[in-house]
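Student: Quick one: the structure is below, questions incoming.
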Amino acid sequence: MKATVKVENLKIYAYHGCMKEEKIIGSDYVVNVTAECLLEKEAFEDDISKTVDYVDLARIVAREMGVRSKMLESVVKRICSSCLAEIALLNKITVCVSKICPPINADVERVTVCLTEKRNK
C-alpha cells in the first residue's frame with residue numbers, strides 16, 4: 001500500500017544566506033516534508049519499524065538545517081538526499097524550506113524552495 005507521512009511546519013532557527021549578516025544573526029525557517037513509501041500489512045499492526053517514522057524525518061531536517069549554506073537549494077537537496085540514504089522504506093520525498101521575513105527589499109512574508117527526489121531503483 002502506498003502511504004504518505006508528513007512533517008508540517010517544523011520551525012527551526014538557522015544561519016543560511018548569502019549575506020554575511022545572516023551568518024551572524026540567523027533567521028526563522030519553516031520546513032515541510034512529505035515522504036512517500038510502500039507499506040506492507042505489518043505497518044498497520046502497530047510496529048513503527050515497518051513505516052517511515054516522522055521522528056527520523058524531523059531529526060534529519062534539524063541536523064541538515066544546522067549545516068550553514070548560502071542557498072536554500074543546497075539545504076533542501078541535502079535534506080532529501082539524507083532522508084533517502086537513511087530511511088530504507090522511503091520511495092519519494094518532497095522538502096520545502098521557507099525563510100521567514102527574508103532580508104530583501106520587498107514586503108514579503110517568506111521565500112520558499114522545494115525539491116522532490118525519488119529513490120533510484
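Chain labels follow the order of the C-alpha cells: the first chain is A, the next B, and so on; residue numbering restarts at 1 in every chain, and ligands are counted from 1 in their shown order.
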Within 10 Å of range 56-68 of chain A, counting only C-alpha atoms, which residues qualify if same-chain residues fewer than 2 places away don't, as a PyMOL selection string?

Tutor: chain A and resi 5-8+10-17+23+26+29+31-35+52-54+70-72+74-80+82-83+86-87+95+97

Student: Please list as a PyMOL selection string every residue within 9 Å of Asn91 in chain A, counting only C-alpha atoms and excluding residues in the same chain fewer than 4 positions away.

Tutor: chain A and resi 35-38+84+117-120

Student: Determine, counting only C-alpha atoms, which protein, DNA and RNA residues have an atom within 12 Å of an atom of Met19 in chain A; residues of the same chain fewer than 5 positions away are not included. Present the result as JSON, numbers by chain.

Tutor: {"A": [24, 25, 26, 27, 69, 70, 71, 102, 103, 104]}

Student: What is the distance, in Å and to one decimal place, between CA of Ile48 in chain A and CA of Thr94 in chain A?

Tutor: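 Interatomic distance here is 21.3 Å.
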
Student: Could you go through chain A and tell me which residues DSSP, when run on the backbone, assigns to strand (DSSP E or B), listing them as a ChimeraX atom specification?

Tutor: /A:2-14,27-38,90-100,110-118

Student: Residues within 9 Å of Glu40 in chain A, please, as a PyMOL selection string. Count only C-alpha atoms; anything in the same chain fewer than 5 positions from it doesn't count.

Tutor: chain A and resi 1+50-51

Student: Suppose we keep C-alpha atoms; can you now write the selection as a short mmCIF file (atom, residue, chain, number, x, y, z; two decimals), in the first residue's frame?

Tutor:
data_model
loop_
_atom_site.label_atom_id
_atom_site.label_comp_id
_atom_site.auth_asym_id
_atom_site.auth_seq_id
_atom_site.Cartn_x
_atom_site.Cartn_y
_atom_site.Cartn_z
CA MET A 1 0.00 0.00 0.00
CA LYS A 50 7.56 -1.03 9.37
CA THR A 51 6.89 2.55 8.30
#

Student: In Å, how far is it from CA of Val30 in chain A to CA of Glu73 in chain A?

Tutor: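 These atoms are spaced 14.4 Å apart.
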
Student: Record the distance separating CA of Asp46 in chain A and CA of Thr116 in chain A, expressed in Å with one decimal.

Tutor: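 Computed distance, CA of Asp46 in chain A to CA of Thr116 in chain A, equals 28.4 Å.
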
Student: Which residue is closest to Ser98 in chain A? Choose from A:Val113, A:Cys18, A:Ala85, A:Ala3 and count only C-alpha atoms.

Tutor: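 Residue with the minimum atom-to-atom distance to Ser98 in chain A: A:Val113.
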
Student: Could you find all residues in range 1-114 of chain A that DSSP calls helix (DSSP H, G or I) from the backbone, and write them as number ranges by chain?

Tutor: A: 20-25, 41-44, 48-50, 54-65, 72-86
